[in-house]
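Visitor: So that you have it, the file is target.cif, and it contains mmCIF, C-alpha atoms and all ligand atoms:
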data_query
loop_
_atom_site.label_atom_id
_atom_site.label_comp_id
_atom_site.auth_asym_id
_atom_site.auth_seq_id
_atom_site.Cartn_x
_atom_site.Cartn_y
_atom_site.Cartn_z
CA MET A 968 0.00 0.00 0.00
CA GLY A 969 1.40 3.37 -1.05
CA GLN A 970 1.18 6.59 0.88
CA CYS A 971 -0.42 9.86 -0.07
CA ASP A 972 -0.71 13.25 1.60
CA LEU A 973 -4.44 13.71 1.88
CA GLY A 974 -7.65 11.74 1.62
CA VAL A 975 -10.98 13.52 1.40
CA ARG A 976 -13.55 11.00 2.52
CA GLY A 977 -17.31 10.66 2.47
CA GLY A 978 -18.11 13.72 0.35
CA ARG A 979 -20.07 14.05 -2.85
CA ILE A 980 -17.99 15.39 -5.74
CA VAL A 981 -19.63 17.88 -8.06
CA THR A 982 -18.43 17.72 -11.66
CA PRO A 983 -19.90 19.69 -14.58
CA GLU A 984 -21.85 16.53 -15.47
CA GLU A 985 -22.95 14.92 -12.21
CA ILE A 986 -22.71 14.57 -8.46
CA ILE A 987 -20.97 11.39 -7.32
CA ARG A 988 -20.19 9.94 -3.94
CA GLU A 989 -16.43 9.36 -4.10
CA ASP A 990 -13.29 9.78 -2.01
CA VAL A 991 -10.42 11.90 -3.36
CA TYR A 992 -6.71 11.28 -2.85
CA VAL A 993 -4.01 13.91 -3.07
CA LYS A 994 -0.24 13.66 -3.37
CA ASP A 995 2.30 16.44 -3.92
CA GLY A 996 -0.50 18.95 -4.43
CA LYS A 997 -2.20 16.96 -7.17
CA VAL A 998 -5.22 14.71 -7.40
CA ILE A 999 -4.01 11.12 -7.82
CA GLY A 1000 -7.28 9.24 -7.86
CA PHE A 1001 -10.72 8.44 -6.50
CA GLY A 1002 -12.71 5.75 -4.79
CA LYS A 1003 -11.06 2.66 -3.42
CA LEU A 1004 -7.42 3.40 -4.08
CA ASP A 1005 -4.91 1.24 -2.29
CA VAL A 1006 -3.22 4.16 -0.55
CA SER A 1007 -3.07 5.34 3.03
CA PRO A 1008 -3.37 9.09 3.44
CA ARG A 1009 -1.18 10.81 6.03
CA GLU A 1010 -4.11 13.12 6.74
CA THR A 1011 -7.82 12.54 6.28
CA VAL A 1012 -10.50 15.17 5.82
CA ASP A 1013 -14.00 14.08 6.79
CA ALA A 1014 -16.28 15.44 4.09
CA SER A 1015 -19.35 13.40 4.96
CA GLY A 1016 -22.52 15.36 4.36
CA LEU A 1017 -20.58 17.92 2.29
CA LEU A 1018 -20.22 18.69 -1.40
CA VAL A 1019 -16.69 18.67 -2.84
CA LEU A 1020 -16.38 21.23 -5.65
CA PRO A 1021 -13.31 21.93 -7.75
CA GLY A 1022 -11.90 25.30 -6.70
CA MET A 1023 -13.53 28.20 -8.48
CA ILE A 1024 -11.64 30.13 -11.19
CA ASP A 1025 -12.51 33.82 -11.11
CA ALA A 1026 -11.23 35.14 -14.42
CA HIS A 1027 -12.15 38.78 -13.92
CA VAL A 1028 -10.86 40.48 -10.77
CA HIS A 1029 -9.14 43.78 -10.06
CA PHE A 1030 -6.91 43.69 -6.96
CA MET A 1031 -5.43 47.15 -7.74
CA ASP A 1032 -1.96 45.97 -6.71
CA PRO A 1033 0.35 47.60 -7.57
CA GLY A 1034 -1.84 50.63 -8.12
CA ASP A 1035 -4.63 51.95 -5.98
CA THR A 1036 -4.04 49.77 -2.93
CA ARG A 1037 -6.31 51.91 -0.79
CA ARG A 1038 -9.11 50.20 -2.69
CA GLU A 1039 -7.68 46.66 -2.62
CA ASP A 1040 -4.42 44.75 -2.62
CA PHE A 1041 -3.37 41.22 -3.48
CA PRO A 1042 -2.96 39.88 0.08
CA THR A 1043 -6.46 41.08 1.01
CA GLY A 1044 -8.21 40.26 -2.26
CA SER A 1045 -6.69 36.80 -2.47
CA ALA A 1046 -7.55 36.09 1.18
CA ALA A 1047 -11.15 37.03 0.38
CA ALA A 1048 -10.99 34.70 -2.63
CA SER A 1049 -9.78 31.80 -0.48
CA VAL A 1050 -12.62 32.21 2.01
CA ALA A 1051 -15.14 32.33 -0.83
CA GLY A 1052 -13.94 29.10 -2.48
CA VAL A 1053 -11.98 30.74 -5.30
CA THR A 1054 -8.63 28.97 -5.73
CA THR A 1055 -7.40 30.78 -8.85
CA VAL A 1056 -7.97 34.36 -9.95
CA ILE A 1057 -7.04 36.01 -13.23
CA GLU A 1058 -6.24 39.58 -12.33
CA HIS A 1059 -5.75 42.84 -14.19
CA SER A 1060 -5.77 46.37 -12.78
CA HIS A 1061 -6.58 49.61 -14.56
CA SER A 1062 -4.69 51.74 -12.05
CA SER A 1063 -1.40 50.13 -13.18
CA PRO A 1064 -2.07 48.58 -16.58
CA VAL A 1065 0.32 46.03 -18.04
CA TYR A 1066 1.09 46.96 -21.65
CA THR A 1067 4.40 45.19 -22.25
CA ALA A 1068 6.08 41.88 -21.46
CA THR A 1069 8.55 43.78 -19.26
CA GLU A 1070 5.74 45.29 -17.22
CA LEU A 1071 4.19 41.84 -16.89
CA GLN A 1072 7.50 40.49 -15.60
CA GLU A 1073 7.81 43.36 -13.11
CA LYS A 1074 4.33 42.75 -11.83
CA LEU A 1075 5.09 39.04 -11.43
CA SER A 1076 8.21 39.76 -9.36
CA TYR A 1077 6.30 42.25 -7.26
CA LEU A 1078 3.53 39.71 -6.56
CA LYS A 1079 5.91 36.92 -5.57
CA ASN A 1080 4.76 36.81 -1.95
CA ARG A 1081 1.45 38.60 -2.19
CA SER A 1082 -1.19 36.00 -3.04
CA VAL A 1083 -2.88 33.31 -0.98
CA VAL A 1084 -4.49 31.63 -4.00
CA ASP A 1085 -3.02 30.84 -7.40
CA PHE A 1086 -3.27 33.56 -9.99
CA GLY A 1087 -2.99 34.38 -13.65
CA LEU A 1088 -2.51 37.89 -15.01
CA GLY A 1089 -4.19 39.79 -17.80
CA ALA A 1090 -2.60 42.52 -19.92
CA HIS A 1091 -4.19 45.64 -21.37
CA PHE A 1092 -4.39 46.27 -25.11
CA PRO A 1093 -0.92 47.77 -25.68
CA VAL A 1094 -0.90 51.53 -26.20
CA GLY A 1095 2.56 51.11 -27.72
CA GLY A 1096 1.15 49.18 -30.70
CA VAL A 1097 -0.32 45.78 -31.48
CA ASP A 1098 3.14 44.32 -32.18
CA LEU A 1099 3.63 44.03 -28.42
CA ILE A 1100 0.89 41.39 -28.14
CA PRO A 1101 2.91 38.23 -29.02
CA ASP A 1102 5.51 39.00 -26.34
CA LEU A 1103 2.78 39.55 -23.78
CA VAL A 1104 1.34 36.14 -24.62
CA ARG A 1105 4.78 34.49 -24.50
CA GLY A 1106 5.31 36.17 -21.13
CA GLY A 1107 2.22 34.43 -19.77
CA ALA A 1108 -0.62 36.94 -20.14
CA ALA A 1109 -3.93 35.11 -19.87
CA LEU A 1110 -5.96 37.73 -21.73
CA ILE A 1111 -5.79 41.06 -23.52
CA LYS A 1112 -8.23 43.56 -22.02
CA VAL A 1113 -9.89 45.93 -24.47
CA PHE A 1114 -12.01 48.97 -23.69
CA THR A 1115 -14.18 50.18 -26.55
CA CYS A 1116 -14.88 53.36 -24.59
CA THR A 1117 -12.55 55.36 -22.37
CA THR A 1118 -13.12 54.05 -18.82
CA HIS A 1119 -11.17 54.09 -15.54
CA GLY A 1120 -8.60 56.25 -17.33
CA ILE A 1121 -7.91 53.54 -19.93
CA LYS A 1122 -8.26 54.80 -23.49
CA ALA A 1123 -10.72 53.35 -25.98
CA VAL A 1124 -9.50 51.07 -28.75
CA ASP A 1125 -11.29 51.81 -32.02
CA PRO A 1126 -12.65 49.03 -34.24
CA GLY A 1127 -9.94 49.43 -36.89
CA ILE A 1128 -7.08 48.93 -34.46
CA LEU A 1129 -8.90 46.13 -32.67
CA TYR A 1130 -9.50 44.37 -35.98
CA THR A 1131 -5.82 44.69 -36.88
CA ALA A 1132 -4.82 42.98 -33.64
CA MET A 1133 -7.53 40.34 -33.79
CA SER A 1134 -6.80 39.29 -37.36
CA ARG A 1135 -3.00 39.36 -37.01
CA PHE A 1136 -2.95 37.43 -33.74
CA ALA A 1137 -6.01 35.19 -34.00
CA LYS A 1138 -3.65 32.20 -34.17
CA LEU A 1139 -2.15 33.00 -30.77
CA ASP A 1140 -5.61 32.21 -29.43
CA VAL A 1141 -5.27 34.60 -26.51
CA PRO A 1142 -8.75 35.82 -25.50
CA PHE A 1143 -9.54 39.48 -26.11
CA LEU A 1144 -11.65 40.43 -23.09
CA VAL A 1145 -13.82 43.25 -24.38
CA HIS A 1146 -15.49 45.86 -22.19
CA ALA A 1147 -18.16 46.76 -24.72
CA GLU A 1148 -19.69 50.24 -24.63
CA ASP A 1149 -19.58 52.50 -27.67
CA GLU A 1150 -17.31 55.53 -27.20
CA SER A 1151 -19.27 58.06 -29.25
CA LEU A 1152 -22.69 57.09 -27.87
CA THR A 1153 -21.53 57.27 -24.24
CA LEU A 1154 -19.86 60.63 -24.97
CA LEU A 1155 -23.06 61.96 -26.53
CA ALA A 1156 -25.12 60.91 -23.50
CA GLU A 1157 -22.53 62.31 -21.10
CA LYS A 1158 -22.64 65.70 -22.79
CA GLU A 1159 -26.43 65.87 -22.67
CA LEU A 1160 -26.68 64.76 -19.05
CA LYS A 1161 -23.99 67.19 -17.91
CA SER A 1162 -25.46 70.15 -19.78
CA ALA A 1163 -28.81 69.38 -18.13
CA GLY A 1164 -27.02 69.66 -14.78
CA ARG A 1165 -28.01 66.12 -13.79
CA GLU A 1166 -26.38 64.67 -10.66
CA ASP A 1167 -28.92 62.05 -9.61
CA GLY A 1168 -28.13 58.32 -9.62
CA MET A 1169 -30.06 57.64 -12.81
CA VAL A 1170 -27.40 59.45 -14.82
CA ILE A 1171 -25.39 56.22 -14.72
CA PRO A 1172 -27.86 53.97 -16.62
CA GLU A 1173 -28.65 56.86 -19.00
CA TRP A 1174 -24.98 57.65 -19.63
CA ARG A 1175 -23.91 54.01 -19.95
CA ASN A 1176 -27.05 53.17 -21.91
CA PRO A 1177 -28.16 49.87 -23.48
CA LEU A 1178 -27.80 51.22 -27.02
CA ALA A 1179 -24.12 52.03 -26.45
CA GLU A 1180 -23.57 48.52 -25.09
CA GLN A 1181 -25.50 46.88 -27.93
CA VAL A 1182 -23.61 48.76 -30.65
CA ALA A 1183 -20.22 47.87 -29.17
CA VAL A 1184 -21.16 44.20 -28.69
CA SER A 1185 -22.41 43.95 -32.28
CA THR A 1186 -19.19 45.53 -33.53
CA ALA A 1187 -17.06 43.18 -31.43
CA GLY A 1188 -19.10 40.24 -32.73
CA HIS A 1189 -18.52 41.18 -36.36
CA LEU A 1190 -14.79 41.76 -35.76
CA THR A 1191 -14.53 38.38 -34.04
CA GLN A 1192 -16.29 36.65 -36.89
CA ALA A 1193 -14.20 38.32 -39.58
CA SER A 1194 -10.87 37.83 -37.79
CA THR A 1195 -11.46 34.34 -36.28
CA ALA A 1196 -9.98 35.66 -33.02
CA LYS A 1197 -11.17 34.48 -29.61
CA THR A 1198 -13.25 37.12 -27.85
CA VAL A 1199 -15.00 37.36 -24.51
CA ILE A 1200 -17.70 39.97 -23.98
CA ALA A 1201 -17.13 41.00 -20.36
CA HIS A 1202 -20.06 41.49 -17.97
CA CYS A 1203 -23.06 41.06 -20.30
CA SER A 1204 -25.68 43.17 -18.59
CA HIS A 1205 -29.00 42.00 -20.03
CA SER A 1206 -30.64 39.30 -22.10
CA GLN A 1207 -30.46 41.10 -25.45
CA ILE A 1208 -26.67 41.33 -25.15
CA VAL A 1209 -26.35 37.66 -24.29
CA ASP A 1210 -28.58 36.74 -27.23
CA THR A 1211 -26.43 38.82 -29.58
CA VAL A 1212 -23.28 37.03 -28.39
CA ALA A 1213 -24.97 33.62 -28.60
CA GLY A 1214 -26.09 34.47 -32.13
CA PHE A 1215 -22.54 35.19 -33.27
CA ARG A 1216 -21.35 32.02 -31.55
CA SER A 1217 -23.90 29.82 -33.24
CA GLY A 1218 -22.75 31.40 -36.50
CA GLY A 1219 -19.28 29.99 -35.82
CA ALA A 1220 -17.55 32.97 -34.15
CA ARG A 1221 -15.33 32.15 -31.17
CA ILE A 1222 -17.08 34.59 -28.91
CA TYR A 1223 -18.01 34.02 -25.27
CA ALA A 1224 -20.41 35.73 -22.87
CA GLU A 1225 -19.27 36.48 -19.32
CA ALA A 1226 -21.91 36.47 -16.58
CA CYS A 1227 -21.56 38.44 -13.33
CA PRO A 1228 -23.90 38.05 -10.31
CA GLN A 1229 -24.83 41.75 -10.18
CA TYR A 1230 -26.88 41.39 -13.37
CA PHE A 1231 -28.84 38.49 -11.89
CA PHE A 1232 -29.76 40.07 -8.55
CA LEU A 1233 -29.70 43.88 -8.75
CA LYS A 1234 -32.23 46.19 -10.38
CA GLU A 1235 -31.58 49.38 -12.31
CA ASP A 1236 -33.53 51.72 -10.00
CA GLU A 1237 -31.59 50.73 -6.85
CA ILE A 1238 -29.12 53.45 -7.80
CA LYS A 1239 -31.71 56.12 -6.96
CA ALA A 1240 -31.41 55.33 -3.27
CA MET A 1241 -27.94 53.76 -3.20
CA GLY A 1242 -26.04 56.22 -5.44
CA GLY A 1243 -22.35 55.34 -5.75
CA PHE A 1244 -22.92 51.93 -4.13
CA ARG A 1245 -24.65 50.88 -7.34
CA LYS A 1246 -22.31 52.70 -9.74
CA PHE A 1247 -20.76 50.12 -12.04
CA THR A 1248 -20.71 49.78 -15.80
CA PRO A 1249 -22.49 48.48 -17.72
CA PRO A 1250 -25.02 49.21 -14.98
CA ALA A 1251 -27.79 46.94 -13.71
CA ARG A 1252 -30.48 46.93 -16.40
CA ALA A 1253 -33.26 44.82 -14.90
CA LYS A 1254 -36.45 46.78 -14.35
CA THR A 1255 -38.58 43.85 -13.23
CA ARG A 1256 -38.34 40.42 -11.70
CA GLY A 1257 -39.12 39.10 -15.17
CA ASP A 1258 -35.97 40.75 -16.57
CA LEU A 1259 -33.90 38.92 -13.95
CA ASP A 1260 -35.69 35.65 -14.71
CA GLU A 1261 -34.68 36.03 -18.37
CA MET A 1262 -31.03 36.19 -17.28
CA TRP A 1263 -31.36 33.04 -15.15
CA GLU A 1264 -33.02 31.27 -18.04
CA ARG A 1265 -30.01 32.08 -20.22
CA LEU A 1266 -27.57 30.97 -17.54
CA ARG A 1267 -29.36 27.60 -17.38
CA ASN A 1268 -29.65 27.08 -21.12
CA GLY A 1269 -25.99 27.68 -21.98
CA CYS A 1270 -26.13 31.15 -23.58
CA PHE A 1271 -23.60 32.35 -20.99
CA SER A 1272 -20.11 30.86 -21.26
CA TYR A 1273 -18.79 31.36 -17.74
CA LEU A 1274 -19.21 33.26 -14.51
CA ALA A 1275 -16.87 35.86 -12.93
CA SER A 1276 -17.15 38.50 -10.22
CA ASP A 1277 -15.62 41.55 -11.95
CA HIS A 1278 -14.41 42.38 -8.43
CA ALA A 1279 -13.67 46.14 -8.52
CA PRO A 1280 -14.00 47.30 -4.93
CA SER A 1281 -14.07 50.70 -3.28
CA ASN A 1282 -14.73 51.31 0.40
CA ARG A 1283 -17.64 53.36 1.76
CA LYS A 1284 -15.60 56.53 1.98
CA GLN A 1285 -14.41 56.22 -1.61
CA LYS A 1286 -17.94 55.46 -2.82
CA THR A 1287 -19.32 58.63 -1.18
CA ALA A 1288 -16.48 61.10 -1.79
CA GLY A 1289 -17.94 63.31 -4.52
CA SER A 1290 -20.84 63.41 -6.95
CA ILE A 1291 -22.21 60.39 -8.82
CA TRP A 1292 -19.94 61.46 -11.70
CA GLU A 1293 -16.84 61.45 -9.51
CA VAL A 1294 -17.00 58.32 -7.34
CA PRO A 1295 -15.29 55.22 -8.78
CA PHE A 1296 -17.09 52.61 -10.86
CA GLY A 1297 -17.25 49.03 -9.65
CA LEU A 1298 -18.56 46.63 -7.05
CA PRO A 1299 -16.82 44.29 -4.63
CA GLY A 1300 -17.61 40.71 -5.67
CA ILE A 1301 -14.89 38.18 -4.94
CA ASP A 1302 -16.29 37.51 -1.44
CA THR A 1303 -19.83 36.87 -2.59
CA THR A 1304 -19.93 35.33 -6.07
CA LEU A 1305 -19.82 31.68 -4.99
CA PRO A 1306 -22.02 32.28 -1.90
CA VAL A 1307 -24.87 33.90 -3.86
CA MET A 1308 -24.57 31.29 -6.62
CA LEU A 1309 -24.57 28.40 -4.12
CA ASP A 1310 -27.81 29.87 -2.81
CA ALA A 1311 -29.17 30.07 -6.36
CA ALA A 1312 -28.27 26.39 -6.83
CA ALA A 1313 -29.95 25.47 -3.53
CA ARG A 1314 -33.09 27.24 -4.77
CA GLY A 1315 -32.99 25.46 -8.14
CA ARG A 1316 -32.12 28.48 -10.31
CA LEU A 1317 -29.29 26.38 -11.73
CA THR A 1318 -27.79 23.02 -10.79
CA TYR A 1319 -24.59 22.47 -8.81
CA PRO A 1320 -22.99 20.81 -11.86
CA GLN A 1321 -23.92 23.85 -13.98
CA LEU A 1322 -22.35 26.12 -11.36
CA VAL A 1323 -19.12 24.10 -11.46
CA GLY A 1324 -19.15 24.26 -15.25
CA LEU A 1325 -19.63 28.02 -15.27
CA TYR A 1326 -17.31 29.06 -12.46
CA ALA A 1327 -14.56 26.41 -12.68
CA LYS A 1328 -14.32 24.36 -15.88
CA MET A 1329 -15.25 26.94 -18.53
CA PRO A 1330 -13.05 29.85 -17.39
CA ALA A 1331 -10.15 27.39 -17.05
CA LEU A 1332 -10.77 26.18 -20.61
CA ILE A 1333 -11.19 29.62 -22.16
CA TYR A 1334 -8.10 31.07 -20.44
CA GLY A 1335 -5.84 28.08 -21.09
CA LEU A 1336 -5.58 26.65 -17.56
CA TYR A 1337 -7.59 23.44 -17.99
CA PRO A 1338 -7.28 20.65 -16.76
CA LYS A 1339 -4.52 21.74 -14.35
CA LYS A 1340 -7.15 24.10 -12.96
CA GLY A 1341 -10.93 24.00 -13.04
CA ALA A 1342 -11.31 20.24 -12.66
CA LEU A 1343 -10.87 17.41 -10.17
CA LEU A 1344 -9.24 14.86 -12.45
CA PRO A 1345 -6.19 12.67 -11.89
CA GLY A 1346 -3.23 15.01 -12.44
CA SER A 1347 -5.19 18.22 -11.77
CA ASP A 1348 -4.01 20.53 -9.02
CA ALA A 1349 -5.78 19.54 -5.80
CA ASP A 1350 -7.79 22.76 -5.60
CA PHE A 1351 -11.18 22.10 -4.04
CA VAL A 1352 -13.89 23.51 -1.85
CA LEU A 1353 -16.00 21.81 0.80
CA VAL A 1354 -19.56 23.13 0.85
CA ASP A 1355 -22.36 22.52 3.30
CA SER A 1356 -25.31 22.82 0.95
CA LYS A 1357 -27.83 22.89 3.81
CA ALA A 1358 -26.28 25.61 6.00
CA MET A 1359 -28.40 28.77 6.26
CA TYR A 1360 -27.06 32.19 7.17
CA ARG A 1361 -27.57 35.89 6.54
CA LEU A 1362 -24.89 37.57 4.43
CA GLU A 1363 -23.66 40.70 6.22
CA ASP A 1364 -21.17 43.43 5.37
CA ASN A 1365 -18.95 42.40 8.29
CA ALA A 1366 -18.23 39.06 6.59
CA VAL A 1367 -16.57 40.87 3.67
CA ILE A 1368 -12.79 40.49 3.76
CA SER A 1369 -12.12 42.72 0.74
CA LYS A 1370 -10.99 46.23 1.65
CA ALA A 1371 -14.41 47.36 0.39
CA GLY A 1372 -15.96 46.22 3.66
CA TRP A 1373 -19.45 46.00 2.18
CA THR A 1374 -21.42 44.04 -0.39
CA PRO A 1375 -24.45 44.88 -2.55
CA PHE A 1376 -25.89 41.53 -1.42
CA ALA A 1377 -25.89 42.30 2.34
CA GLY A 1378 -29.02 41.24 4.17
CA ARG A 1379 -29.78 38.29 1.90
CA ASP A 1380 -30.52 34.96 3.53
CA LEU A 1381 -28.37 32.35 1.82
CA LYS A 1382 -28.45 28.57 1.77
CA GLY A 1383 -25.17 26.77 1.21
CA LYS A 1384 -21.88 27.72 2.77
CA VAL A 1385 -18.18 27.31 2.00
CA ILE A 1386 -16.69 25.31 4.89
CA ALA A 1387 -13.08 24.98 3.71
CA THR A 1388 -10.92 25.74 0.70
CA PHE A 1389 -7.81 23.84 -0.43
CA VAL A 1390 -5.17 25.07 -2.90
CA ARG A 1391 -2.77 22.37 -4.17
CA GLY A 1392 -3.76 20.14 -1.27
CA ARG A 1393 -3.22 22.75 1.41
CA ARG A 1394 -6.09 24.11 3.50
CA VAL A 1395 -6.02 27.87 2.94
CA ALA A 1396 -9.35 28.88 4.47
CA GLU A 1397 -11.97 27.51 6.82
CA ASN A 1398 -15.24 28.78 8.27
CA GLY A 1399 -14.95 32.32 6.97
CA ARG A 1400 -11.28 32.80 7.84
CA CYS A 1401 -8.16 32.74 5.70
CA ILE A 1402 -5.54 30.60 7.47
CA GLU A 1403 -2.73 30.68 4.90
CA ARG A 1404 -0.15 33.38 4.34
CA ALA A 1405 0.15 35.41 1.19
CA GLY A 1406 2.93 33.72 -0.74
CA TRP A 1407 1.37 30.27 -0.99
CA GLY A 1408 -0.34 31.37 -4.19
CA ARG A 1409 1.64 30.79 -7.39
CA PHE A 1410 1.48 32.28 -10.83
CA VAL A 1411 -0.23 30.01 -13.33
CA ARG A 1412 0.78 30.37 -16.92
CA PRO A 1413 -1.77 29.52 -19.59
CA LYS A 1414 -0.60 26.22 -21.02
CA SER A 1415 -1.94 26.70 -24.46
CA PHE A 1416 -4.63 28.66 -26.13
CA LYS A 1417 -5.52 25.85 -28.48
CA ARG A 1418 -9.17 25.59 -29.39
CA SER A 1419 -11.15 24.23 -26.49
CA ASP A 1420 -14.65 24.45 -27.86
ZN ZN A 1501 -13.61 44.66 -14.85
#
Spit out the file's structure as structure tokens when you get a sec.
Ligand SMILES: [Zn+2]
Guide:
Amino acid sequence: MGQCDLGVRGGRIVTPEEIIREDVYVKDGKVIGFGKLDVSPRETVDASGLLVLPGMIDAHVHFMDPGDTRREDFPTGSAAASVAGVTTVIEHSHSSPVYTATELQEKLSYLKNRSVVDFGLGAHFPVGGVDLIPDLVRGGAALIKVFTCTTHGIKAVDPGILYTAMSRFAKLDVPFLVHAEDESLTLLAEKELKSAGREDGMVIPEWRNPLAEQVAVSTAGHLTQASTAKTVIAHCSHSQIVDTVAGFRSGGARIYAEACPQYFFLKEDEIKAMGGFRKFTPPARAKTRGDLDEMWERLRNGCFSYLASDHAPSNRKQKTAGSIWEVPFGLPGIDTTLPVMLDAAARGRLTYPQLVGLYAKMPALIYGLYPKKGALLPGSDADFVLVDSKAMYRLEDNAVISKAGWTPFAGRDLKGKVIATFVRGRRVAENGRCIERAGWGRFVRPKSFKRSD
């Protein structure tokens, strides 16, 4: 009988296809097998009565580090991730954008001892010219972030330049993560709203309006189709957008739709009372319960490709310092994405296997990390989460570990709780607390961007 490091016994494993009662064995940070293996674990974890999920992959987070670390930093953001069952994040920050392979390398050295969970890094569309893209990909960038409208101080990329990059580098297969809002339409709305002297919360949904989003998504879809590049439409805000993306995809384009919880739970008019605490873009669009139901329907039926938080936190002071025009965009989300989605699964809005597909397998596939990440298969990293699917609790601001210190989902009664999180076989969080130091988390380089669909 051989030895192994860890045995997880008595739990039910959730895969994207099914839930199976099976033990898991771990050696040297990797899954070595299931069921009745002839090995004796040095340590045993009793998972009876619990679900065992592969660790979540959050492909869209902003930890602002280096950059605006008053809003967030890597040690804090990654600790929050660990508590929430996220074992790998893919991070990019607008306050210190990475445009070159050298900047990527510098950021990697800086982050050496700053993450609890494993991490990949995204780059921004290079201002120095599209020729910089291959080196960024060789350096390990997991995505190229594109803004189609000037946002967070990052300049818009126009369709001609984007098309040049997409068609020249389609073969590299790196995903272009597109923040899709049309520059001229948002500028037009901004001018009108400002000349009317508007300062109420509703300026946000009128400024960042659905037409601007729709035009930019359609443009990105056509560019993707014509170039054969791989494109992700970030944070699709409402059903029409998702349908547009799904339409291009069924026409053969390699285009994916990112889902974020805020568009499944929050309504447009909340910004009237909540002001800056609901300022994010694209904004919440749902006017009715029916609008939200349409989003859930699309999450269930496969129109959405994967789930991410778009964690972009600011604390209360930052969210209230100035007019609605001045306070920063963005919501905290890394702490709450799995919790609110576990609750949705407990209530039957989607299944646990669908959740694992959307928040673990698919982002790992799209961003080149699968099956090292995003799966519990022999040879995969032993990243997993123990979940008590019956536990009930009320989500409160004081449970938020992010520097934000609040959540738009506070006050909700949730069913299903993360009990413990393991990264490469090591327990990094339990019962709402991070117990591992920053530095355990390693950089993960996309293995290949070969077609995965
Ligand atoms: Zn973002």
Visitor: May I ask you to write as a PyMOL selection string all residues lying at most 12 Å from ligand ZN 1501 (chain A), with all atoms listed in the file counted?
Guide: chain A and resi 1025-1031+1057-1062+1089+1091+1112-1114+1118-1119+1121+1144-1147+1200-1203+1225-1227+1247-1249+1275-1280+1296-1301
Visitor: Just want the 9 Å neighbourhood of A:Phe1376, counted on only C-alpha atoms, with same-chain residues fewer than 6 positions away dropped. Output as a PyMOL selection string.
Guide: chain A and resi 1229+1232-1233+1303+1307+1362-1364
Visitor: When you look at A:Ile999 with a cut-off of 12 Å (counting only C-alpha atoms), what residues show up, excluding the ones that are within fewer than 6 positions of it in the same chain? I need them as a list in words.
Guide: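 That gives Gly969, Gln970, Cys971, Asp972, Leu973, Gly974, Val975, Asp990, Val991, Tyr992, Val993, Asp1005, Val1006, Pro1008, Leu1343, Leu1344, Pro1345, Gly1346, Ser1347, Asp1348, Ala1349, Arg1391 and Gly1392 of chain A.
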Visitor: Separation of atom CA of A:Leu1266 and atom CA of A:Arg1252, in Å?
Guide: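 These two atoms are separated by 16.3 Å.
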Visitor: Can you work out the spacing between atom CA of A:Ala1193 and atom CA of A:Ile1128 in Å, to one decimal?
Guide: 13.8 Å
Visitor: Find the residues with any atom within 9 Å of (-13.2, 23.6, -13.1); use only C-alpha atoms and the coordinates as given in the file, and write the answer as a PyMOL selection string.
Guide: chain A and resi 982-983+1020-1024+1323-1332+1337-1343
Visitor: What does the file look like for those residues with C-alpha atoms, as an mmCIF file, keeping the file's coordinate frame?
Guide:
data_model
loop_
_atom_site.group_PDB
_atom_site.id
_atom_site.type_symbol
_atom_site.label_atom_id
_atom_site.label_comp_id
_atom_site.auth_asym_id
_atom_site.auth_seq_id
_atom_site.Cartn_x
_atom_site.Cartn_y
_atom_site.Cartn_z
ATOM 1 C CA THR A 982 -18.430 17.720 -11.660
ATOM 2 C CA PRO A 983 -19.900 19.690 -14.580
ATOM 3 C CA LEU A 1020 -16.380 21.230 -5.650
ATOM 4 C CA PRO A 1021 -13.310 21.930 -7.750
ATOM 5 C CA GLY A 1022 -11.900 25.300 -6.700
ATOM 6 C CA MET A 1023 -13.530 28.200 -8.480
ATOM 7 C CA ILE A 1024 -11.640 30.130 -11.190
ATOM 8 C CA VAL A 1323 -19.120 24.100 -11.460
ATOM 9 C CA GLY A 1324 -19.150 24.260 -15.250
ATOM 10 C CA LEU A 1325 -19.630 28.020 -15.270
ATOM 11 C CA TYR A 1326 -17.310 29.060 -12.460
ATOM 12 C CA ALA A 1327 -14.560 26.410 -12.680
ATOM 13 C CA LYS A 1328 -14.320 24.360 -15.880
ATOM 14 C CA MET A 1329 -15.250 26.940 -18.530
ATOM 15 C CA PRO A 1330 -13.050 29.850 -17.390
ATOM 16 C CA ALA A 1331 -10.150 27.390 -17.050
ATOM 17 C CA LEU A 1332 -10.770 26.180 -20.610
ATOM 18 C CA TYR A 1337 -7.590 23.440 -17.990
ATOM 19 C CA PRO A 1338 -7.280 20.650 -16.760
ATOM 20 C CA LYS A 1339 -4.520 21.740 -14.350
ATOM 21 C CA LYS A 1340 -7.150 24.100 -12.960
ATOM 22 C CA GLY A 1341 -10.930 24.000 -13.040
ATOM 23 C CA ALA A 1342 -11.310 20.240 -12.660
ATOM 24 C CA LEU A 1343 -10.870 17.410 -10.170
#
Visitor: Show me the residues close to (3.3, 44.1, -9.9) - anything with an atom within 10 Å, counting only C-alpha atoms - and format the list as a VMD selection string.
Guide: chain A and resid 1031 to 1034 1041 1060 1063 to 1065 1070 to 1079 1081 1088
Visitor: Considering all atoms listed in the file, state which residue in the set A:Val1050, A:Lys1234, A:Ala1358, A:Arg1256 is at the smallest distance from A:Val1395.
Guide: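 Closest to A:Val1395, using all atoms listed in the file: A:Val1050.
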Visitor: Can you pull out every residue within 9 Å of A:Ser1015, counting all atoms listed in the file, but drop anything in the same chain fewer than 4 positions away, and send it as a PyMOL selection string?
Guide: chain A and resi 976-979
